[in-house]
file protein_38.cif (mmCIF, C-alpha atoms)
data_target
#
loop_
_atom_site.group_PDB
_atom_site.id
_atom_site.type_symbol
_atom_site.label_atom_id
_atom_site.label_comp_id
_atom_site.auth_asym_id
_atom_site.auth_seq_id
_atom_site.Cartn_x
_atom_site.Cartn_y
_atom_site.Cartn_z
ATOM 1 C CA MET A 1126 49.763 5.660 3.032
ATOM 2 C CA ALA A 1127 46.207 6.142 4.233
ATOM 3 C CA ASP A 1128 45.675 5.705 7.967
ATOM 4 C CA HIS A 1129 43.576 2.624 8.708
ATOM 5 C CA SER A 1130 44.586 2.348 12.349
ATOM 6 C CA ALA A 1131 41.102 3.255 13.511
ATOM 7 C CA ASP A 1132 39.733 0.295 11.605
ATOM 8 C CA ASP A 1133 42.173 -2.075 13.253
ATOM 9 C CA ALA A 1134 39.978 -1.880 16.337
ATOM 10 C CA LEU A 1135 37.100 -3.085 14.206
ATOM 11 C CA SER A 1136 38.357 -6.595 13.761
ATOM 12 C CA GLY A 1137 35.229 -7.668 15.607
ATOM 13 C CA TYR A 1138 33.239 -7.189 12.402
ATOM 14 C CA GLY A 1139 31.555 -10.439 11.760
ATOM 15 C CA GLY A 1140 32.890 -11.831 15.037
ATOM 16 C CA ALA A 1141 29.307 -12.196 16.214
ATOM 17 C CA THR A 1142 27.872 -13.070 12.864
ATOM 18 C CA GLU A 1143 24.244 -12.057 12.638
ATOM 19 C CA VAL A 1144 21.820 -13.995 10.532
ATOM 20 C CA PRO A 1145 19.228 -11.493 9.255
ATOM 21 C CA GLY A 1146 15.931 -12.082 10.943
ATOM 22 C CA SER A 1147 17.391 -14.620 13.385
ATOM 23 C CA GLY A 1148 17.075 -12.327 16.392
ATOM 24 C CA GLN A 1149 20.598 -13.352 17.441
ATOM 25 C CA LYS A 1150 22.061 -10.880 19.932
ATOM 26 C CA LYS A 1151 25.370 -9.249 19.114
ATOM 27 C CA SER A 1152 28.187 -8.663 21.575
ATOM 28 C CA VAL A 1153 28.810 -5.264 23.142
ATOM 29 C CA PHE A 1154 32.186 -5.159 21.404
ATOM 30 C CA TYR A 1155 30.492 -5.723 18.050
ATOM 31 C CA LYS A 1156 28.008 -2.923 18.687
ATOM 32 C CA ILE A 1157 30.769 -0.483 19.697
ATOM 33 C CA SER A 1158 32.888 -1.467 16.698
ATOM 34 C CA ALA A 1159 29.943 -1.135 14.346
ATOM 35 C CA PHE A 1160 29.059 2.282 15.753
ATOM 36 C CA GLN A 1161 32.653 3.506 15.271
ATOM 37 C CA ARG A 1162 32.838 2.114 11.758
ATOM 38 C CA ARG A 1163 29.533 3.620 10.643
ATOM 39 C CA THR A 1164 30.401 6.959 12.207
ATOM 40 C CA MET A 1165 33.674 6.917 10.308
ATOM 41 C CA HIS A 1166 31.786 6.039 7.144
ATOM 42 C CA LYS A 1167 29.559 9.113 7.545
ATOM 43 C CA VAL A 1168 32.610 11.298 8.062
ATOM 44 C CA LEU A 1169 34.345 9.869 4.990
ATOM 45 C CA LYS A 1170 31.269 10.474 2.827
ATOM 46 C CA SER A 1171 31.298 14.115 3.863
ATOM 47 C CA VAL A 1172 34.934 14.701 2.901
ATOM 48 C CA VAL A 1173 35.660 12.356 -0.014
ATOM 49 C CA THR A 1174 33.774 11.030 -3.014
ATOM 50 C CA MET A 1175 32.636 7.475 -2.361
ATOM 51 C CA ASP A 1176 30.680 4.950 -4.377
ATOM 52 C CA GLU A 1177 27.304 4.368 -2.764
ATOM 53 C CA THR A 1178 25.360 1.178 -3.269
ATOM 54 C CA ARG A 1179 21.887 1.866 -4.613
ATOM 55 C CA ASP A 1180 19.039 -0.457 -5.562
ATOM 56 C CA GLU A 1181 16.499 1.340 -7.737
ATOM 57 C CA GLU A 1182 13.884 -1.395 -7.379
ATOM 58 C CA TYR A 1183 14.189 -1.368 -3.608
ATOM 59 C CA GLY A 1184 13.905 2.416 -3.515
ATOM 60 C CA ALA A 1185 10.751 2.394 -5.635
ATOM 61 C CA LEU A 1186 9.159 -0.420 -3.630
ATOM 62 C CA PHE A 1187 9.978 1.214 -0.318
ATOM 63 C CA LYS A 1188 8.397 4.472 -1.472
ATOM 64 C CA LYS A 1189 5.204 2.562 -2.266
ATOM 65 C CA PHE A 1190 5.458 0.807 1.088
ATOM 66 C CA VAL A 1191 5.586 4.154 2.904
ATOM 67 C CA SER A 1192 2.407 5.211 1.094
ATOM 68 C CA ILE A 1193 0.645 1.964 2.068
ATOM 69 C CA GLU A 1194 1.901 2.316 5.634
ATOM 70 C CA GLU A 1195 0.465 5.837 5.860
ATOM 71 C CA ARG A 1196 -2.828 4.597 4.437
ATOM 72 C CA THR A 1197 -2.864 1.836 7.045
ATOM 73 C CA ALA A 1198 -2.400 4.379 9.828
ATOM 74 C CA LYS A 1199 -5.411 6.238 8.434
ATOM 75 C CA LEU A 1200 -7.310 2.949 8.212
ATOM 76 C CA THR A 1201 -6.639 2.216 11.871
ATOM 77 C CA ALA A 1202 -7.855 5.656 12.922
ATOM 78 C CA VAL A 1203 -11.012 5.351 10.810
ATOM 79 C CA MET A 1204 -11.749 1.884 12.190
ATOM 80 C CA GLU A 1205 -11.499 3.238 15.725
ATOM 81 C CA ARG A 1206 -13.799 6.134 14.825
ATOM 82 C CA CYS A 1207 -16.302 3.742 13.264
ATOM 83 C CA THR A 1208 -16.285 1.550 16.367
ATOM 84 C CA ALA A 1209 -16.886 4.559 18.596
ATOM 85 C CA ALA A 1210 -19.605 5.844 16.246
ATOM 86 C CA HIS A 1211 -21.482 2.523 16.357
ATOM 87 C CA ALA A 1212 -21.478 2.553 20.148
ATOM 88 C CA GLU A 1213 -22.394 6.239 20.313
ATOM 89 C CA LEU A 1214 -25.255 5.831 17.817
ATOM 90 C CA PHE A 1215 -26.992 3.063 19.741
ATOM 91 C CA GLN A 1216 -26.289 4.646 23.116
ATOM 92 C CA ALA A 1217 -27.711 7.954 21.895
ATOM 93 C CA GLN A 1218 -30.785 6.181 20.530
ATOM 94 C CA ALA A 1219 -31.283 4.462 23.880
ATOM 95 C CA GLU A 1220 -31.015 7.763 25.740
ATOM 96 C CA LEU A 1221 -33.303 9.508 23.258
ATOM 97 C CA SER A 1222 -36.031 6.847 23.449
ATOM 98 C CA SER A 1223 -35.764 6.806 27.244
ATOM 99 C CA THR A 1224 -36.148 10.582 27.434
ATOM 100 C CA VAL A 1225 -39.076 10.533 24.996
ATOM 101 C CA SER A 1226 -40.829 7.826 27.049
ATOM 102 C CA GLU A 1227 -40.779 10.143 30.068
ATOM 103 C CA TYR A 1228 -43.337 12.335 28.270
ATOM 104 C CA TYR A 1229 -45.761 9.397 28.145
ATOM 105 C CA GLN A 1230 -46.374 8.849 31.841
ATOM 106 C CA ALA A 1231 -50.148 9.143 31.423
ATOM 107 C CA PRO A 1232 -51.861 6.333 29.470
ATOM 108 C CA THR A 1233 -52.417 7.307 25.818
ATOM 109 C CA ALA A 1234 -52.665 5.452 22.548
ATOM 110 C CA LEU A 1235 -48.977 6.085 21.874
ATOM 111 C CA GLN A 1236 -47.672 5.245 25.341
ATOM 112 C CA PRO A 1237 -47.130 1.542 24.470
ATOM 113 C CA ILE A 1238 -45.216 2.616 21.341
ATOM 114 C CA ALA A 1239 -42.919 4.934 23.301
ATOM 115 C CA LEU A 1240 -42.256 2.237 25.893
ATOM 116 C CA LEU A 1241 -41.625 -0.405 23.233
ATOM 117 C CA HIS A 1242 -39.218 1.938 21.462
ATOM 118 C CA LYS A 1243 -37.364 2.516 24.738
ATOM 119 C CA GLU A 1244 -37.135 -1.216 25.375
ATOM 120 C CA SER A 1245 -35.947 -1.940 21.825
ATOM 121 C CA CYS A 1246 -33.240 0.733 21.871
ATOM 122 C CA ALA A 1247 -32.013 -0.400 25.288
ATOM 123 C CA TYR A 1248 -31.764 -3.962 23.952
ATOM 124 C CA LEU A 1249 -29.752 -2.799 20.951
ATOM 125 C CA ALA A 1250 -27.404 -0.674 23.073
ATOM 126 C CA THR A 1251 -26.793 -3.212 25.838
ATOM 127 C CA GLN A 1252 -27.051 -6.560 24.061
ATOM 128 C CA VAL A 1253 -26.622 -6.347 20.299
ATOM 129 C CA GLN A 1254 -24.008 -3.608 19.873
ATOM 130 C CA PRO A 1255 -21.571 -4.863 22.562
ATOM 131 C CA LEU A 1256 -21.651 -8.393 21.136
ATOM 132 C CA LEU A 1257 -21.053 -7.192 17.590
ATOM 133 C CA HIS A 1258 -18.403 -4.774 18.874
ATOM 134 C CA THR A 1259 -16.443 -7.781 20.134
ATOM 135 C CA GLN A 1260 -16.736 -9.394 16.712
ATOM 136 C CA TRP A 1261 -15.656 -6.121 15.094
ATOM 137 C CA GLN A 1262 -12.516 -6.007 17.210
ATOM 138 C CA GLU A 1263 -11.695 -9.645 16.518
ATOM 139 C CA HIS A 1264 -12.329 -9.715 12.782
ATOM 140 C CA VAL A 1265 -11.913 -6.113 11.577
ATOM 141 C CA GLU A 1266 -9.642 -4.121 13.876
ATOM 142 C CA SER A 1267 -7.310 -7.096 14.343
ATOM 143 C CA VAL A 1268 -6.387 -6.857 10.658
ATOM 144 C CA SER A 1269 -4.925 -3.382 11.068
ATOM 145 C CA ASP A 1270 -3.105 -4.593 14.194
ATOM 146 C CA LYS A 1271 -1.508 -7.399 12.198
ATOM 147 C CA LEU A 1272 -0.538 -4.983 9.451
ATOM 148 C CA ARG A 1273 1.161 -2.714 11.997
ATOM 149 C CA ILE A 1274 3.197 -5.686 13.210
ATOM 150 C CA ARG A 1275 4.127 -6.669 9.644
ATOM 151 C CA PHE A 1276 5.065 -3.113 8.700
ATOM 152 C CA GLY A 1277 6.956 -2.579 11.947
ATOM 153 C CA ALA A 1278 9.117 -5.603 11.145
ATOM 154 C CA ILE A 1279 9.815 -4.194 7.680
ATOM 155 C CA ARG A 1280 10.778 -0.840 9.199
ATOM 156 C CA ALA A 1281 13.157 -2.569 11.615
ATOM 157 C CA ASP A 1282 14.777 -4.577 8.825
ATOM 158 C CA ASP A 1283 15.052 -1.480 6.634
ATOM 159 C CA ALA A 1284 17.024 0.214 9.415
ATOM 160 C CA ARG A 1285 19.198 -2.903 9.636
ATOM 161 C CA ARG A 1286 19.647 -2.867 5.850
ATOM 162 C CA THR A 1287 20.787 0.775 6.056
ATOM 163 C CA ARG A 1288 23.478 -0.256 8.527
ATOM 164 C CA TYR A 1289 24.521 -3.185 6.360
ATOM 165 C CA VAL A 1290 24.872 -1.071 3.236
ATOM 166 C CA ALA A 1291 26.986 1.418 5.200
ATOM 167 C CA ASP A 1292 29.315 -1.404 6.237
ATOM 168 C CA TYR A 1293 29.466 -2.745 2.695
ATOM 169 C CA ASP A 1294 30.290 0.644 1.183
ATOM 170 C CA TYR A 1295 32.823 1.333 3.925
ATOM 171 C CA PHE A 1296 34.803 -1.825 3.205
ATOM 172 C CA ARG A 1297 34.530 -1.326 -0.552
ATOM 173 C CA HIS A 1298 36.029 2.126 -0.124
ATOM 174 C CA LYS A 1299 38.716 0.801 2.204
ATOM 175 C CA ARG A 1300 39.629 -1.915 -0.309
ATOM 176 C CA LYS A 1301 40.193 0.710 -2.997
ATOM 177 C CA GLN A 1302 42.295 2.761 -0.603
ATOM 178 C CA LEU A 1303 44.420 -0.275 0.187
ATOM 179 C CA ASP A 1304 45.066 -0.828 -3.523
ATOM 180 C CA GLU A 1305 46.207 2.781 -3.821
ATOM 181 C CA ASP A 1306 48.370 2.393 -0.696
ATOM 182 C CA ALA A 1307 49.949 -0.745 -2.132
ATOM 183 C CA LYS A 1308 50.907 1.111 -5.308
ATOM 184 C CA LYS A 1309 52.437 3.936 -3.307
ATOM 185 C CA ASP A 1310 54.266 1.486 -1.049
ATOM 186 C CA ALA A 1311 55.872 -0.138 -4.122
ATOM 187 C CA GLY A 1312 56.566 -3.363 -2.244
ATOM 188 C CA THR A 1313 58.348 -1.803 0.716
ATOM 189 C CA HIS A 1314 55.872 -3.356 3.169
ATOM 190 C CA ALA A 1315 54.461 -6.020 0.873
ATOM 191 C CA ALA A 1316 53.755 -8.614 3.572
ATOM 192 C CA LYS A 1317 51.993 -6.145 5.820
ATOM 193 C CA MET A 1318 49.948 -4.755 2.926
ATOM 194 C CA ALA A 1319 48.987 -8.257 1.806
ATOM 195 C CA GLU A 1320 47.782 -9.030 5.331
ATOM 196 C CA LYS A 1321 45.686 -5.854 5.436
ATOM 197 C CA ILE A 1322 44.195 -6.586 2.025
ATOM 198 C CA LYS A 1323 43.349 -10.149 3.034
ATOM 199 C CA ASP A 1324 41.699 -8.937 6.248
ATOM 200 C CA CYS A 1325 39.734 -6.290 4.358
ATOM 201 C CA ASP A 1326 38.628 -8.814 1.729
ATOM 202 C CA ASN A 1327 37.273 -11.096 4.449
ATOM 203 C CA LYS A 1328 35.330 -8.250 6.050
ATOM 204 C CA LEU A 1329 34.122 -7.023 2.661
ATOM 205 C CA ARG A 1330 32.874 -10.496 1.794
ATOM 206 C CA MET A 1331 30.954 -10.775 5.070
ATOM 207 C CA ALA A 1332 29.541 -7.267 4.664
ATOM 208 C CA SER A 1333 28.508 -8.063 1.098
ATOM 209 C CA ASP A 1334 26.795 -11.300 2.132
ATOM 210 C CA LYS A 1335 24.884 -9.605 4.938
ATOM 211 C CA TYR A 1336 23.765 -6.679 2.793
ATOM 212 C CA HIS A 1337 22.765 -8.678 -0.284
ATOM 213 C CA THR A 1338 20.955 -11.338 1.760
ATOM 214 C CA MET A 1339 18.968 -8.711 3.637
ATOM 215 C CA ASN A 1340 18.338 -6.667 0.491
ATOM 216 C CA GLU A 1341 17.017 -9.676 -1.420
ATOM 217 C CA ARG A 1342 14.719 -10.834 1.378
ATOM 218 C CA LEU A 1343 13.417 -7.378 2.185
ATOM 219 C CA THR A 1344 12.818 -6.560 -1.478
ATOM 220 C CA ALA A 1345 10.714 -9.716 -1.755
ATOM 221 C CA ARG A 1346 8.681 -8.689 1.315
ATOM 222 C CA LEU A 1347 8.127 -5.211 -0.115
ATOM 223 C CA ARG A 1348 6.878 -6.761 -3.354
ATOM 224 C CA ILE A 1349 4.388 -8.810 -1.331
ATOM 225 C CA VAL A 1350 3.085 -5.690 0.423
ATOM 226 C CA ASN A 1351 2.744 -3.817 -2.868
ATOM 227 C CA GLU A 1352 1.118 -6.626 -4.854
ATOM 228 C CA HIS A 1353 -1.154 -7.928 -2.088
ATOM 229 C CA GLN A 1354 -2.167 -4.753 -0.286
ATOM 230 C CA SER A 1355 -5.840 -5.423 -1.027
ATOM 231 C CA THR A 1356 -5.491 -9.085 -0.005
ATOM 232 C CA PHE A 1357 -4.644 -7.906 3.496
ATOM 233 C CA LEU A 1358 -8.080 -6.238 3.714
ATOM 234 C CA ASN A 1359 -10.247 -8.962 2.160
ATOM 235 C CA SER A 1360 -11.299 -10.592 5.416
ATOM 236 C CA ALA A 1361 -11.832 -7.238 7.158
ATOM 237 C CA LEU A 1362 -14.054 -6.022 4.308
ATOM 238 C CA VAL A 1363 -16.228 -9.131 4.359
ATOM 239 C CA ALA A 1364 -16.392 -9.162 8.163
ATOM 240 C CA SER A 1365 -17.303 -5.475 8.393
ATOM 241 C CA LEU A 1366 -20.146 -5.923 5.900
ATOM 242 C CA ALA A 1367 -21.485 -8.941 7.791
ATOM 243 C CA ILE A 1368 -21.289 -7.144 11.147
ATOM 244 C CA GLU A 1369 -22.842 -3.904 9.904
ATOM 245 C CA ASN A 1370 -25.578 -5.834 8.145
ATOM 246 C CA GLU A 1371 -26.408 -7.669 11.360
ATOM 247 C CA LEU A 1372 -26.098 -4.517 13.430
ATOM 248 C CA PHE A 1373 -28.518 -2.494 11.338
ATOM 249 C CA SER A 1374 -30.774 -5.452 10.549
ATOM 250 C CA GLN A 1375 -31.251 -6.032 14.263
ATOM 251 C CA GLY A 1376 -31.846 -2.312 14.704
ATOM 252 C CA ALA A 1377 -34.344 -2.231 11.861
ATOM 253 C CA ALA A 1378 -36.182 -5.264 13.236
ATOM 254 C CA GLU A 1379 -36.540 -3.695 16.675
ATOM 255 C CA VAL A 1380 -37.580 -0.273 15.386
ATOM 256 C CA SER A 1381 -39.960 -1.907 12.905
ATOM 257 C CA LYS A 1382 -42.070 -3.264 15.773
ATOM 258 C CA ALA A 1383 -42.805 0.216 17.073
ATOM 259 C CA ASN A 1384 -43.086 1.646 13.575
ATOM 260 C CA GLN A 1385 -45.745 -0.911 12.599
ATOM 261 C CA MET A 1386 -47.760 0.000 15.664
ATOM 262 C CA CYS A 1387 -47.768 3.589 14.422
ATOM 263 C CA GLN A 1388 -49.603 2.488 11.288
ATOM 264 C CA VAL A 1389 -52.581 1.025 13.164
ATOM 265 C CA ASP A 1390 -55.806 2.911 12.397
ATOM 266 C CA GLY A 1391 -56.657 3.349 16.051
ATOM 267 C CA VAL A 1392 -53.308 5.006 16.738
ATOM 268 C CA ILE A 1393 -53.656 7.306 13.739
ATOM 269 C CA ARG A 1394 -57.168 8.342 14.850
ATOM 270 C CA ALA A 1395 -55.951 8.945 18.388
ATOM 271 C CA MET A 1396 -53.106 11.151 17.133
ATOM 272 C CA ARG A 1397 -55.485 13.225 15.018
ATOM 273 C CA GLU A 1398 -57.896 13.600 17.914
ATOM 274 C CA GLN A 1399 -55.129 14.671 20.284
ATOM 275 C CA THR A 1400 -53.742 17.074 17.691
ATOM 276 C CA ASN A 1401 -57.191 18.627 17.121
ATOM 277 C CA ASP A 1402 -57.769 18.851 20.877
ATOM 278 C CA LEU A 1403 -54.434 20.640 21.293
ATOM 279 C CA ALA A 1404 -55.365 23.088 18.526
ATOM 280 C CA GLU A 1405 -58.619 23.889 20.285
ATOM 281 C CA TRP A 1406 -56.848 24.508 23.584
ATOM 282 C CA ASP A 1407 -54.358 26.803 21.836
ATOM 283 C CA ALA A 1408 -57.191 28.703 20.145
ATOM 284 C CA SER A 1409 -59.030 29.185 23.415
ATOM 285 C CA SER A 1410 -55.886 30.536 25.077
ATOM 286 C CA GLY A 1411 -55.943 33.567 22.805
ATOM 287 C CA LYS A 1412 -52.361 33.050 21.598
ATOM 288 C CA ILE A 1413 -51.272 31.788 18.208
ATOM 289 C CA MET A 1414 -48.973 28.796 18.645
ATOM 290 C CA PRO A 1415 -47.086 26.698 16.077
ATOM 291 C CA SER A 1416 -49.254 23.820 14.901
ATOM 292 C CA ILE A 1417 -48.217 20.275 15.817
ATOM 293 C CA PRO A 1418 -48.108 18.002 12.750
ATOM 294 C CA SER A 1419 -50.277 14.915 12.593
ATOM 295 C CA VAL A 1420 -49.124 11.410 11.684
ATOM 296 C CA THR A 1421 -49.858 11.977 8.003
ATOM 297 C CA SER A 1422 -47.006 14.496 7.633
ATOM 298 C CA LEU A 1423 -44.392 11.713 7.431
ATOM 299 C CA SER A 1424 -44.574 7.947 7.147
ATOM 300 C CA SER A 1425 -42.430 4.968 6.223
ATOM 301 C CA VAL A 1426 -44.140 4.839 2.833
ATOM 302 C CA ALA A 1427 -43.186 8.450 2.121
ATOM 303 C CA LEU A 1428 -39.574 7.778 3.118
ATOM 304 C CA SER A 1429 -39.440 4.656 0.935
ATOM 305 C CA ASN A 1430 -40.668 6.682 -2.021
ATOM 306 C CA MET A 1431 -37.953 9.275 -1.384
ATOM 307 C CA LEU A 1432 -35.293 6.528 -1.517
ATOM 308 C CA SER A 1433 -36.794 4.606 -4.431
ATOM 309 C CA PRO A 1434 -34.387 6.049 -7.063
ATOM 310 C CA ARG A 1435 -31.432 4.644 -5.084
ATOM 311 C CA ASN A 1436 -33.186 1.330 -4.569
ATOM 312 C CA ALA A 1437 -33.964 1.091 -8.285
ATOM 313 C CA ALA A 1438 -30.345 1.870 -9.162
ATOM 314 C CA VAL A 1439 -29.060 -0.847 -6.809
ATOM 315 C CA GLY A 1440 -31.562 -3.320 -8.194
#
call {"tool": "encode", "arguments": {"input": "protein_38.cif", "output": "structure tokens"}}
result
Amino acid sequence: MADHSADDALSGYGGATEVPGSGQKKSVFYKISAFQRRTMHKVLKSVVTMDETRDEEYGALFKKFVSIEERTAKLTAVMERCTAAHAELFQAQAELSSTVSEYYQAPTALQPIALLHKESCAYLATQVQPLLHTQWQEHVESVSDKLRIRFGAIRADDARRTRYVADYDYFRHKRKQLDEDAKKDAGTHAAKMAEKIKDCDNKLRMASDKYHTMNERLTARLRIVNEHQSTFLNSALVASLAIENELFSQGAAEVSKANQMCQVDGVIRAMREQTNDLAEWDASSGKIMPSIPSVTSLSSVALSNMLSPRNAAVG
């Protein structure tokens, strides 16, 4: 007869019945018994051929889940990079405009433009970006946080399902062994064998209920993740577009003030005069220096014309 004495100590199986997802704590005795049983199950699988419970649908769905989970980890990292990039962009612009304004200490036609640019960039960096950053965290980054919580719960239940299927397969194997033992016993210890079979059947039934309940619920949750993966991102997509639109619209509005001042005839004349004056000073110095471009070398109109093919395609 096969030796099942080690399993006799496992009568605590189901003694602290756990409802999947209930969060009910199990007794220390249950945990020790379960650990012994599952360790024994691993040993048995390595030395004898055992039937293993497999669910092809669950396996396929979990594989897709892992892919989505990895993509979500990438999403989280990219969101964090984007947040940092927004802050760095406006901070760098503020520092750049401040440094440029230091060159305009003496009154010139472009001094008001440099100072206005400095003021605008400081406003964007200290007022606009921080406020929108808070909205970004609340409406965009929070989505990836919620997904991590959802996926973490699935991971935890998958580990629990793995333990449940081990218990189920263990008792299925034990039940077969008891049938073989009963045949070999030929009725010599019929009462004792019947008691063992009854005990095993009870444990097998509980193991089966726990596994199949968990498997059914978790399979349904994996289907939800697979079929609604884009639904999870809908609000984040819309929020990110709204925030970026406001962020860059505010930036464009502030920069536009200084840019429009650059188009004033008096400013353009002053730039040309200063450029010509510089050229004369360079010529009188006896050294050939690189020429400084005038305002006509680049303008908003020229840039708009460069981007017109894209604008036409969008329109």
call {"tool": "atom_distance", "arguments": {"input": "protein_38.cif", "atom1": "CA of Met1339 (chain A)", "atom2": "CA of Glu1177 (chain A)"}}
result
16.8 Å
call {"tool": "closest_atom_pairs", "arguments": {"input": "protein_38.cif", "of": "region 1325-1434 of chain A", "to": "region 1188-1202 of chain A", "cutoff": "8 Å", "atoms": "only C-alpha atoms", "output": "tab-separated table"}}
result
residue	atom	partner	partner_atom	distance
A:Leu1347	CA	A:Phe1190	CA	6.7
A:Val1350	CA	A:Phe1190	CA	6.9
A:Asn1351	CA	A:Phe1190	CA	6.7
A:Gln1354	CA	A:Ile1193	CA	7.7
call {"tool": "resolve_selection", "arguments": {"input": "protein_38.cif", "expression": "the PyMOL selection byres ((chain A and resi 1387-1399) around 8)", "output": "ChimeraX atom specification"}}
result
/A:1234-1235,1238,1383-1386,1400-1403,1419-1420
call {"tool": "closest_residue", "arguments": {"input": "protein_38.cif", "among": "A:Thr1178, A:Ile1349, A:Ser1365, A:Glu1205", "to": "Arg1275 (chain A)", "atoms": "only C-alpha atoms"}}
result
A:Ile1349
call {"tool": "resolve_selection", "arguments": {"input": "protein_38.cif", "expression": "the PyMOL selection byres ((chain A and resi 1241) around 12)", "output": "PDB file with C-alpha atoms, in the frame of the given file"}}
result
ATOM      1  CA  ALA A1219     -31.283   4.462  23.880  1.00  0.00           C
ATOM      2  CA  SER A1222     -36.031   6.847  23.449  1.00  0.00           C
ATOM      3  CA  SER A1223     -35.764   6.806  27.244  1.00  0.00           C
ATOM      4  CA  VAL A1225     -39.076  10.533  24.996  1.00  0.00           C
ATOM      5  CA  SER A1226     -40.829   7.826  27.049  1.00  0.00           C
ATOM      6  CA  TYR A1229     -45.761   9.397  28.145  1.00  0.00           C
ATOM      7  CA  LEU A1235     -48.977   6.085  21.874  1.00  0.00           C
ATOM      8  CA  GLN A1236     -47.672   5.245  25.341  1.00  0.00           C
ATOM      9  CA  PRO A1237     -47.130   1.542  24.470  1.00  0.00           C
ATOM     10  CA  ILE A1238     -45.216   2.616  21.341  1.00  0.00           C
ATOM     11  CA  ALA A1239     -42.919   4.934  23.301  1.00  0.00           C
ATOM     12  CA  LEU A1240     -42.256   2.237  25.893  1.00  0.00           C
ATOM     13  CA  HIS A1242     -39.218   1.938  21.462  1.00  0.00           C
ATOM     14  CA  LYS A1243     -37.364   2.516  24.738  1.00  0.00           C
ATOM     15  CA  GLU A1244     -37.135  -1.216  25.375  1.00  0.00           C
ATOM     16  CA  SER A1245     -35.947  -1.940  21.825  1.00  0.00           C
ATOM     17  CA  CYS A1246     -33.240   0.733  21.871  1.00  0.00           C
ATOM     18  CA  ALA A1247     -32.013  -0.400  25.288  1.00  0.00           C
ATOM     19  CA  TYR A1248     -31.764  -3.962  23.952  1.00  0.00           C
ATOM     20  CA  GLU A1379     -36.540  -3.695  16.675  1.00  0.00           C
ATOM     21  CA  VAL A1380     -37.580  -0.273  15.386  1.00  0.00           C
ATOM     22  CA  SER A1381     -39.960  -1.907  12.905  1.00  0.00           C
ATOM     23  CA  LYS A1382     -42.070  -3.264  15.773  1.00  0.00           C
ATOM     24  CA  ALA A1383     -42.805   0.216  17.073  1.00  0.00           C
ATOM     25  CA  ASN A1384     -43.086   1.646  13.575  1.00  0.00           C
ATOM     26  CA  GLN A1385     -45.745  -0.911  12.599  1.00  0.00           C
ATOM     27  CA  MET A1386     -47.760   0.000  15.664  1.00  0.00           C
ATOM     28  CA  CYS A1387     -47.768   3.589  14.422  1.00  0.00           C
TER      29      CYS A1387
END
call {"tool": "resolve_selection", "arguments": {"input": "protein_38.cif", "expression": "the PyMOL selection byres ((chain A and resi 1322) around 10)", "output": "list in words"}}
result
Lys1299, Arg1300, Lys1301, Gln1302, Leu1303, Asp1304, Ala1307, Ala1316, Lys1317, Met1318, Ala1319, Glu1320, Lys1321, Lys1323, Asp1324, Cys1325, Asp1326, Asn1327 and Lys1328 of chain A
call {"tool": "atom_distance", "arguments": {"input": "protein_38.cif", "atom1": "CA of His1298 (chain A)", "atom2": "CA of Asp1176 (chain A)"}}
result
7.4 Å
call {"tool": "atom_distance", "arguments": {"input": "protein_38.cif", "atom1": "CA of Val1290 (chain A)", "atom2": "CA of Lys1271 (chain A)"}}
result
28.6 Å
call {"tool": "residues_near_point", "arguments": {"input": "protein_38.cif", "point": "(12.7, -8.8, 3.8)", "cutoff": "12 Å", "atoms": "all atoms listed in the file", "output": "PyMOL selection string"}}
result
chain A and resi 1145-1146+1183+1186-1187+1275-1286+1336-1350
call {"tool": "closest_residue", "arguments": {"input": "protein_38.cif", "among": "A:Gln1262, A:Ser1152, A:Asn1370, A:Ser1355", "to": "Cys1207 (chain A)", "atoms": "all atoms listed in the file"}}
result
A:Gln1262
call {"tool": "residues_around", "arguments": {"input": "protein_38.cif", "residues": "Gln1216 (chain A)", "least_positions_apart": "3", "cutoff": "9 Å", "atoms": "all atoms listed in the file", "output": "PyMOL selection string"}}
result
chain A and resi 1211-1213+1219-1221+1246-1247+1249-1251
call {"tool": "closest_residue", "arguments": {"input": "protein_38.cif", "among": "A:Thr1259, A:Thr1233, A:His1264, A:Thr1287", "to": "Asp1180 (chain A)", "atoms": "all atoms listed in the file"}}
result
A:Thr1287
call {"tool": "closest_residue", "arguments": {"input": "protein_38.cif", "among": "A:His1353, A:Arg1179, A:Arg1206, A:Lys1335", "to": "Tyr1289 (chain A)", "atoms": "only C-alpha atoms"}}
result
A:Lys1335
